[in-house]
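Data block below; observations after.
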Amino acid sequence: MLHNSARPLRTLTLLSALALAPVAQASEVVTSIKPLQLITAALTEGVTSPEVLLPAEGSPHHYALKPSDMRKLTDAKVVIWVGPGLEQFMVRPLARTDAKIVTLRPDLEAHLHQEAEPSDHDHGHDGHHDGHEQEHESHAADEHDEEHHDHGAGNDPHIWLDPMNGLEIAQQLLPALQQALPQHSVQLQQNYEAFASALQQKERAIAEELAPYRDAGFFVFHDAYSGFVEHYGLKQLGYFTVDPARKPGARHLVEIRQQLETASAVCVFSEPQFTSAVVDAIISGLPIAQGELDPLARSIDVSADGYLDYLQSMSDSFRSCLAKKAD
């Protein structure tokens with residue numbers, strides 16, 4: 001009898017627990033990559049928490065969406081990405097969502113690595129770049145790619161690394177967020193104004209921090225930093241590779257080694273998600289400092305101040321490495 005009478009009680013307890021449990025809700029705002037999530041989080045503070053598609057170990061150059069990613073896209077109200085010049089993996093999936101799509105740089109050319117990919121990757125254009133496939137040229141060797149196809153800030157898809165681009169991104173996002181979340185329009189506007197003010201202060205502070213190191217030459221592992229470098233007038237001498245997933249060409253590495261031997265560079269930067277074996281080998285036996293830069297803000301916590309924290313971490317990384325020889 002006791003066994004039978006306890007069963008309804010356990011059932012009621014279970015039902016009560018389920019009633020109290022939080023209901024999982026689809027994210028209203030989804031970004032392609034972490035840096036865009038950080039900027040968006042500043043605007044949506046107290047409103048909603050943006051989610052990101054690219055995992056910490058992923059690369060926007062070579063990622064493939066999972067079914068769970070597709071669910072995020074189809075359930076979202078707003079989807080934010082740089083554009084087909086960076087996240088080729090987003091092109092076709094975006095056609096399958098009714099969300100408001102914010103394309104930050106639709107005019108960017110395809111990132112160089114896509115030109116050198118096998119032809120089965122070309123289907124991702126999906127009409128966004130009519131005739132662009134015909135413009136692609138094959139490259140005979142990695143050396144040719146590395147020597148002649150750097151981004152320059154105007155065509156660098158890593159647009160978030162220039163703090164003024166970060167402000168422009170927020171300006172682009174604000175009306176789209178207000179349209180999708182009209183009940184929070186005032187809060188979104190207030191958040192934007194606070195972010196813009198804080199960002200401008202941070203930009204000035206970093207400019208003062210980096211001013212003493214503008215003549216200190218350095219190499220970066222991945223051609224991704226032109227926005228930050230050019231904005232602050234730093235002296236980048238070159239890079240190891242355009243696409244971090246591709247091995248640098250042998251001739252290009254020899255040229256880097258020669259520049260390092262002539263003491264024209266004081267620091268070489270690697271990246272956390274890729275082995276530094278190539279960097280270690282090329283600076284072996286040389287009095288060259290080694291630092292680390294992360295173009296995707298992997299270690300930064302998502303918060304209203306996350307983007308500012310990221311810019312500060314970039315400044316700290318540059319100063320820490322360049323100061324070893326610049327002082």
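Ordering of the structure tokens sets the chain letters (A, B, ...); residue numbers start at 1 within each chain; ligands are numbered from 1 in the order shown.
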
Please provide as a list in words all residues within 8 Å of Ala99 (chain A), with the sequence filter that same-chain residues fewer than 5 positions apart are discarded (counting only C-alpha atoms). Leu73, Thr74, Asp75, Ala76, Lys77, Val78 and Val79 of chain A

Restricting the output to all heavy atoms, write the selected residues as a PDB file, in the first residue's frame.
```pdb
ATOM      1  N   LEU A  73      20.281  29.379 -36.520  1.00  0.00           N
ATOM      2  CA  LEU A  73      20.014  30.309 -37.614  1.00  0.00           C
ATOM      3  C   LEU A  73      18.523  30.416 -37.918  1.00  0.00           C
ATOM      4  O   LEU A  73      17.996  31.510 -38.128  1.00  0.00           O
ATOM      5  CB  LEU A  73      20.764  29.870 -38.869  1.00  0.00           C
ATOM      6  CG  LEU A  73      22.264  30.146 -38.939  1.00  0.00           C
ATOM      7  CD1 LEU A  73      22.831  29.629 -40.250  1.00  0.00           C
ATOM      8  CD2 LEU A  73      22.550  31.635 -38.798  1.00  0.00           C
ATOM      9  N   THR A  74      17.863  29.289 -37.979  1.00  0.00           N
ATOM     10  CA  THR A  74      16.445  29.308 -38.346  1.00  0.00           C
ATOM     11  C   THR A  74      15.569  29.891 -37.246  1.00  0.00           C
ATOM     12  O   THR A  74      14.500  30.439 -37.524  1.00  0.00           O
ATOM     13  CB  THR A  74      15.960  27.883 -38.691  1.00  0.00           C
ATOM     14  OG1 THR A  74      16.240  27.001 -37.592  1.00  0.00           O
ATOM     15  CG2 THR A  74      16.657  27.348 -39.930  1.00  0.00           C
ATOM     16  N   ASP A  75      16.020  29.820 -35.990  1.00  0.00           N
ATOM     17  CA  ASP A  75      15.216  30.336 -34.881  1.00  0.00           C
ATOM     18  C   ASP A  75      15.511  31.802 -34.565  1.00  0.00           C
ATOM     19  O   ASP A  75      14.748  32.446 -33.850  1.00  0.00           O
ATOM     20  CB  ASP A  75      15.467  29.507 -33.614  1.00  0.00           C
ATOM     21  CG  ASP A  75      14.931  28.084 -33.730  1.00  0.00           C
ATOM     22  OD1 ASP A  75      14.060  27.855 -34.595  1.00  0.00           O
ATOM     23  OD2 ASP A  75      15.382  27.219 -32.961  1.00  0.00           O
ATOM     24  N   ALA A  76      16.605  32.338 -35.071  1.00  0.00           N
ATOM     25  CA  ALA A  76      17.039  33.692 -34.697  1.00  0.00           C
ATOM     26  C   ALA A  76      16.173  34.772 -35.348  1.00  0.00           C
ATOM     27  O   ALA A  76      15.570  34.564 -36.404  1.00  0.00           O
ATOM     28  CB  ALA A  76      18.491  33.896 -35.093  1.00  0.00           C
ATOM     29  N   LYS A  77      16.133  35.920 -34.702  1.00  0.00           N
ATOM     30  CA  LYS A  77      15.495  37.097 -35.279  1.00  0.00           C
ATOM     31  C   LYS A  77      16.491  37.941 -36.070  1.00  0.00           C
ATOM     32  O   LYS A  77      16.119  38.597 -37.045  1.00  0.00           O
ATOM     33  CB  LYS A  77      14.872  37.957 -34.170  1.00  0.00           C
ATOM     34  CG  LYS A  77      13.675  37.320 -33.478  1.00  0.00           C
ATOM     35  CD  LYS A  77      13.095  38.275 -32.446  1.00  0.00           C
ATOM     36  CE  LYS A  77      11.873  37.668 -31.761  1.00  0.00           C
ATOM     37  NZ  LYS A  77      11.307  38.594 -30.745  1.00  0.00           N
ATOM     38  N   VAL A  78      17.748  37.938 -35.607  1.00  0.00           N
ATOM     39  CA  VAL A  78      18.801  38.707 -36.274  1.00  0.00           C
ATOM     40  C   VAL A  78      20.041  37.829 -36.385  1.00  0.00           C
ATOM     41  O   VAL A  78      20.433  37.176 -35.410  1.00  0.00           O
ATOM     42  CB  VAL A  78      19.158  39.993 -35.493  1.00  0.00           C
ATOM     43  CG1 VAL A  78      20.250  40.781 -36.236  1.00  0.00           C
ATOM     44  CG2 VAL A  78      17.928  40.860 -35.270  1.00  0.00           C
ATOM     45  N   VAL A  79      20.648  37.805 -37.571  1.00  0.00           N
ATOM     46  CA  VAL A  79      21.901  37.079 -37.793  1.00  0.00           C
ATOM     47  C   VAL A  79      22.918  38.077 -38.320  1.00  0.00           C
ATOM     48  O   VAL A  79      22.649  38.819 -39.260  1.00  0.00           O
ATOM     49  CB  VAL A  79      21.727  35.920 -38.792  1.00  0.00           C
ATOM     50  CG1 VAL A  79      23.072  35.240 -39.066  1.00  0.00           C
ATOM     51  CG2 VAL A  79      20.719  34.900 -38.267  1.00  0.00           C
TER      52      VAL A  79
END
```

Region 281-288 of chain A environment, 12 Å, only C-alpha atoms, sequence neighbours closer than 6 positions dropped, as a PyMOL selection string: chain A and resi 216-219+221+240+248+250+252-270+275+321-326

Work out how far apart CA of Asp316 (chain A) and CA of His222 (chain A) are and give it in Å to one decimal.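 CA of His222 (chain A) lies at a distance of 18.4 Å from CA of Asp316 (chain A).
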
According to DSSP computed on the backbone, where in region 183-241 of chain A is there alpha helix (DSSP H)? Give the residues as a ChimeraX atom specification. /A:185-210,226-231

Leaving out Thr31 (chain A) and any residue of its chain fewer than 4 positions from it, which residues lie within 10 Å of it when counting only C-alpha atoms, given as a list in words? Pro35, Leu36, Gln37, Leu38, Ile39, Thr40, Pro50, Glu51, Val52, Leu53, Leu54, Lys72, Leu73, Ala76, Val78, Val79, Ile80, Trp81, Val82, Ile101 and Val102 of chain A

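Take the candidates A:Ser315, A:Thr97, A:Thr241, A:Gln290 and check each one against Ala207 (chain A) using only C-alpha atoms; the shortest distance goes to A:Ser315.
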
Give me, as a list in words, all polymer residues having an atom no more than 10 Å from region 187-192 of chain A, counting only C-alpha atoms and skipping those fewer than 6 positions away in the same chain.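 In the requested form, the answer reads Ile39, Thr40, Ala41, Ala42, Leu43, Thr44, Glu45, Gly46, Val47, Leu167, Ala170, Gln171, Leu173, Leu174, Pro175, Leu177, Gln178, Leu181, Ala198 and Ala304 of chain A.
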
Could you take the residues named above and write them with all heavy atoms, as a short mmCIF file (atom, residue, chain, number, x, y, z; two decimals), in the first residue's frame?
```cif
data_model
loop_
_atom_site.label_atom_id
_atom_site.label_comp_id
_atom_site.auth_asym_id
_atom_site.auth_seq_id
_atom_site.Cartn_x
_atom_site.Cartn_y
_atom_site.Cartn_z
N ILE A 39 30.79 42.73 -29.69
CA ILE A 39 30.22 44.04 -30.00
C ILE A 39 28.70 44.01 -29.80
O ILE A 39 28.11 44.93 -29.22
CB ILE A 39 30.57 44.45 -31.44
CG1 ILE A 39 32.09 44.63 -31.58
CG2 ILE A 39 29.85 45.75 -31.83
CD1 ILE A 39 32.56 44.86 -33.01
N THR A 40 28.07 42.95 -30.26
CA THR A 40 26.62 42.82 -30.12
C THR A 40 26.21 42.76 -28.66
O THR A 40 25.20 43.36 -28.26
CB THR A 40 26.13 41.55 -30.85
OG1 THR A 40 26.56 41.58 -32.21
CG2 THR A 40 24.61 41.46 -30.80
N ALA A 41 27.00 42.06 -27.84
CA ALA A 41 26.68 41.94 -26.42
C ALA A 41 26.67 43.30 -25.73
O ALA A 41 25.91 43.52 -24.77
CB ALA A 41 27.67 41.01 -25.74
N ALA A 42 27.51 44.21 -26.19
CA ALA A 42 27.52 45.56 -25.61
C ALA A 42 26.20 46.27 -25.88
O ALA A 42 25.68 47.00 -25.02
CB ALA A 42 28.67 46.36 -26.19
N LEU A 43 25.64 46.05 -27.07
CA LEU A 43 24.38 46.70 -27.43
C LEU A 43 23.17 46.02 -26.78
O LEU A 43 22.18 46.68 -26.49
CB LEU A 43 24.21 46.73 -28.95
CG LEU A 43 24.79 47.93 -29.68
CD1 LEU A 43 26.30 48.03 -29.48
CD2 LEU A 43 24.47 47.88 -31.17
N THR A 44 23.24 44.71 -26.59
CA THR A 44 22.08 43.97 -26.08
C THR A 44 22.15 43.71 -24.58
O THR A 44 21.37 42.91 -24.07
CB THR A 44 21.94 42.63 -26.82
OG1 THR A 44 23.11 41.83 -26.59
CG2 THR A 44 21.75 42.84 -28.31
N GLU A 45 23.06 44.37 -23.88
CA GLU A 45 23.17 44.20 -22.43
C GLU A 45 21.81 44.49 -21.77
O GLU A 45 21.20 45.54 -21.99
CB GLU A 45 24.23 45.16 -21.88
CG GLU A 45 24.31 45.22 -20.37
CD GLU A 45 24.94 43.98 -19.77
OE1 GLU A 45 25.45 43.13 -20.55
OE2 GLU A 45 24.94 43.87 -18.53
N GLY A 46 21.33 43.54 -20.97
CA GLY A 46 20.04 43.70 -20.31
C GLY A 46 18.85 43.42 -21.19
O GLY A 46 17.70 43.55 -20.74
N VAL A 47 19.09 43.05 -22.44
CA VAL A 47 18.01 42.78 -23.39
C VAL A 47 17.98 41.31 -23.80
O VAL A 47 16.99 40.60 -23.64
CB VAL A 47 18.14 43.66 -24.65
CG1 VAL A 47 17.09 43.31 -25.69
CG2 VAL A 47 18.05 45.13 -24.26
N LEU A 167 33.16 50.63 -33.95
CA LEU A 167 32.10 51.61 -33.74
C LEU A 167 31.13 51.61 -34.91
O LEU A 167 29.90 51.67 -34.72
CB LEU A 167 32.72 53.00 -33.57
CG LEU A 167 31.74 54.14 -33.29
CD1 LEU A 167 30.92 53.87 -32.04
CD2 LEU A 167 32.51 55.46 -33.16
N ALA A 170 28.78 48.68 -34.67
CA ALA A 170 27.70 48.94 -33.72
C ALA A 170 26.64 49.84 -34.33
O ALA A 170 25.43 49.64 -34.12
CB ALA A 170 28.27 49.57 -32.45
N GLN A 171 27.07 50.82 -35.11
CA GLN A 171 26.12 51.71 -35.78
C GLN A 171 25.25 50.94 -36.77
O GLN A 171 24.06 51.22 -36.91
CB GLN A 171 26.87 52.84 -36.48
CG GLN A 171 27.54 53.82 -35.52
CD GLN A 171 28.49 54.77 -36.23
OE1 GLN A 171 28.84 54.58 -37.40
NE2 GLN A 171 28.94 55.80 -35.52
N LEU A 173 24.52 47.74 -36.52
CA LEU A 173 23.69 46.77 -35.81
C LEU A 173 22.48 47.41 -35.14
O LEU A 173 21.42 46.78 -35.05
CB LEU A 173 24.53 46.05 -34.74
CG LEU A 173 25.69 45.21 -35.21
CD1 LEU A 173 26.32 44.49 -34.03
CD2 LEU A 173 25.25 44.20 -36.26
N LEU A 174 22.65 48.63 -34.64
CA LEU A 174 21.61 49.24 -33.83
C LEU A 174 20.23 49.25 -34.50
O LEU A 174 19.26 48.77 -33.90
CB LEU A 174 22.03 50.66 -33.43
CG LEU A 174 21.00 51.43 -32.58
CD1 LEU A 174 20.73 50.70 -31.28
CD2 LEU A 174 21.50 52.85 -32.32
N PRO A 175 20.06 49.77 -35.71
CA PRO A 175 18.70 49.78 -36.30
C PRO A 175 18.14 48.39 -36.53
O PRO A 175 16.93 48.17 -36.39
CB PRO A 175 18.88 50.54 -37.61
CG PRO A 175 20.35 50.50 -37.90
CD PRO A 175 21.03 50.45 -36.58
N LEU A 177 18.71 45.70 -34.71
CA LEU A 177 18.29 45.19 -33.41
C LEU A 177 17.02 45.88 -32.94
O LEU A 177 16.12 45.23 -32.38
CB LEU A 177 19.41 45.39 -32.39
CG LEU A 177 20.69 44.57 -32.62
CD1 LEU A 177 21.80 45.03 -31.68
CD2 LEU A 177 20.42 43.08 -32.44
N GLN A 178 16.93 47.18 -33.16
CA GLN A 178 15.73 47.90 -32.76
C GLN A 178 14.51 47.44 -33.55
O GLN A 178 13.40 47.37 -33.02
CB GLN A 178 15.95 49.40 -32.92
CG GLN A 178 16.91 49.99 -31.91
CD GLN A 178 17.16 51.46 -32.13
OE1 GLN A 178 17.34 51.90 -33.28
NE2 GLN A 178 17.20 52.24 -31.06
N LEU A 181 13.67 43.93 -32.16
CA LEU A 181 13.29 43.94 -30.74
C LEU A 181 12.73 45.32 -30.37
O LEU A 181 13.31 46.04 -29.55
CB LEU A 181 14.51 43.61 -29.87
CG LEU A 181 15.27 42.32 -30.21
CD1 LEU A 181 16.61 42.27 -29.50
CD2 LEU A 181 14.42 41.10 -29.85
N ALA A 198 32.54 54.69 -24.40
CA ALA A 198 33.60 53.89 -23.79
C ALA A 198 34.64 53.47 -24.82
O ALA A 198 35.85 53.44 -24.53
CB ALA A 198 33.00 52.66 -23.10
N ALA A 304 29.28 43.21 -21.64
CA ALA A 304 29.12 44.55 -22.23
C ALA A 304 30.47 45.19 -22.51
O ALA A 304 30.60 46.04 -23.40
CB ALA A 304 28.29 45.43 -21.31
#
```

What is the CA of Ile159 (chain A) to CA of Lys100 (chain A) distance in Å?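 Separating CA of Ile159 (chain A) from CA of Lys100 (chain A) is a distance of 20.8 Å.
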
Long-range neighbours of Ser317 (chain A) as a PDB file with all heavy atoms, in the first residue's frame, 8 Å cut-off, only C-alpha atoms, 4 positions minimum in chain:
```
ATOM      1  N   GLY A 291      55.708  36.680 -29.301  1.00  0.00           N
ATOM      2  CA  GLY A 291      54.448  36.986 -28.644  1.00  0.00           C
ATOM      3  C   GLY A 291      53.311  36.207 -29.258  1.00  0.00           C
ATOM      4  O   GLY A 291      53.517  35.350 -30.125  1.00  0.00           O
ATOM      5  N   GLU A 292      52.107  36.498 -28.815  1.00  0.00           N
ATOM      6  CA  GLU A 292      50.929  35.783 -29.314  1.00  0.00           C
ATOM      7  C   GLU A 292      49.778  36.765 -29.495  1.00  0.00           C
ATOM      8  O   GLU A 292      49.513  37.607 -28.633  1.00  0.00           O
ATOM      9  CB  GLU A 292      50.531  34.687 -28.328  1.00  0.00           C
ATOM     10  CG  GLU A 292      49.385  33.806 -28.811  1.00  0.00           C
ATOM     11  CD  GLU A 292      49.093  32.672 -27.857  1.00  0.00           C
ATOM     12  OE1 GLU A 292      48.294  32.880 -26.920  1.00  0.00           O
ATOM     13  OE2 GLU A 292      49.678  31.571 -28.023  1.00  0.00           O
ATOM     14  N   LEU A 293      49.117  36.670 -30.637  1.00  0.00           N
ATOM     15  CA  LEU A 293      47.934  37.469 -30.946  1.00  0.00           C
ATOM     16  C   LEU A 293      46.795  36.548 -31.318  1.00  0.00           C
ATOM     17  O   LEU A 293      47.002  35.514 -31.948  1.00  0.00           O
ATOM     18  CB  LEU A 293      48.218  38.424 -32.112  1.00  0.00           C
ATOM     19  CG  LEU A 293      49.313  39.473 -31.920  1.00  0.00           C
ATOM     20  CD1 LEU A 293      49.582  40.191 -33.245  1.00  0.00           C
ATOM     21  CD2 LEU A 293      48.935  40.472 -30.835  1.00  0.00           C
ATOM     22  N   SER A 313      43.535  43.680 -24.668  1.00  0.00           N
ATOM     23  CA  SER A 313      44.405  42.501 -24.708  1.00  0.00           C
ATOM     24  C   SER A 313      45.334  42.544 -25.917  1.00  0.00           C
ATOM     25  O   SER A 313      46.491  42.111 -25.837  1.00  0.00           O
ATOM     26  CB  SER A 313      43.565  41.223 -24.725  1.00  0.00           C
ATOM     27  OG  SER A 313      42.948  41.001 -25.987  1.00  0.00           O
ATOM     28  N   CYS A 321      55.594  42.332 -26.144  1.00  0.00           N
ATOM     29  CA  CYS A 321      56.611  41.768 -27.028  1.00  0.00           C
ATOM     30  C   CYS A 321      57.531  42.854 -27.573  1.00  0.00           C
ATOM     31  O   CYS A 321      58.762  42.700 -27.571  1.00  0.00           O
ATOM     32  CB  CYS A 321      55.954  41.013 -28.174  1.00  0.00           C
ATOM     33  SG  CYS A 321      57.067  39.916 -29.074  1.00  0.00           S
TER      34      CYS A 321
END
```

Residue nearest Phe195 (chain A) - candidates A:Asp156, A:Ser320, A:Val29, A:Gly166, atoms counted: only C-alpha atoms: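 Of A:Asp156, A:Ser320, A:Val29, A:Gly166, the one nearest Phe195 (chain A), counting only C-alpha atoms, is A:Gly166.
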
Could you please determine the separation between CA of Gly249 (chain A) and CA of Val278 (chain A) in Å, to one decimal place?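 Computing the Euclidean distance for CA of Gly249 (chain A) and CA of Val278 (chain A) yields 11.1 Å.
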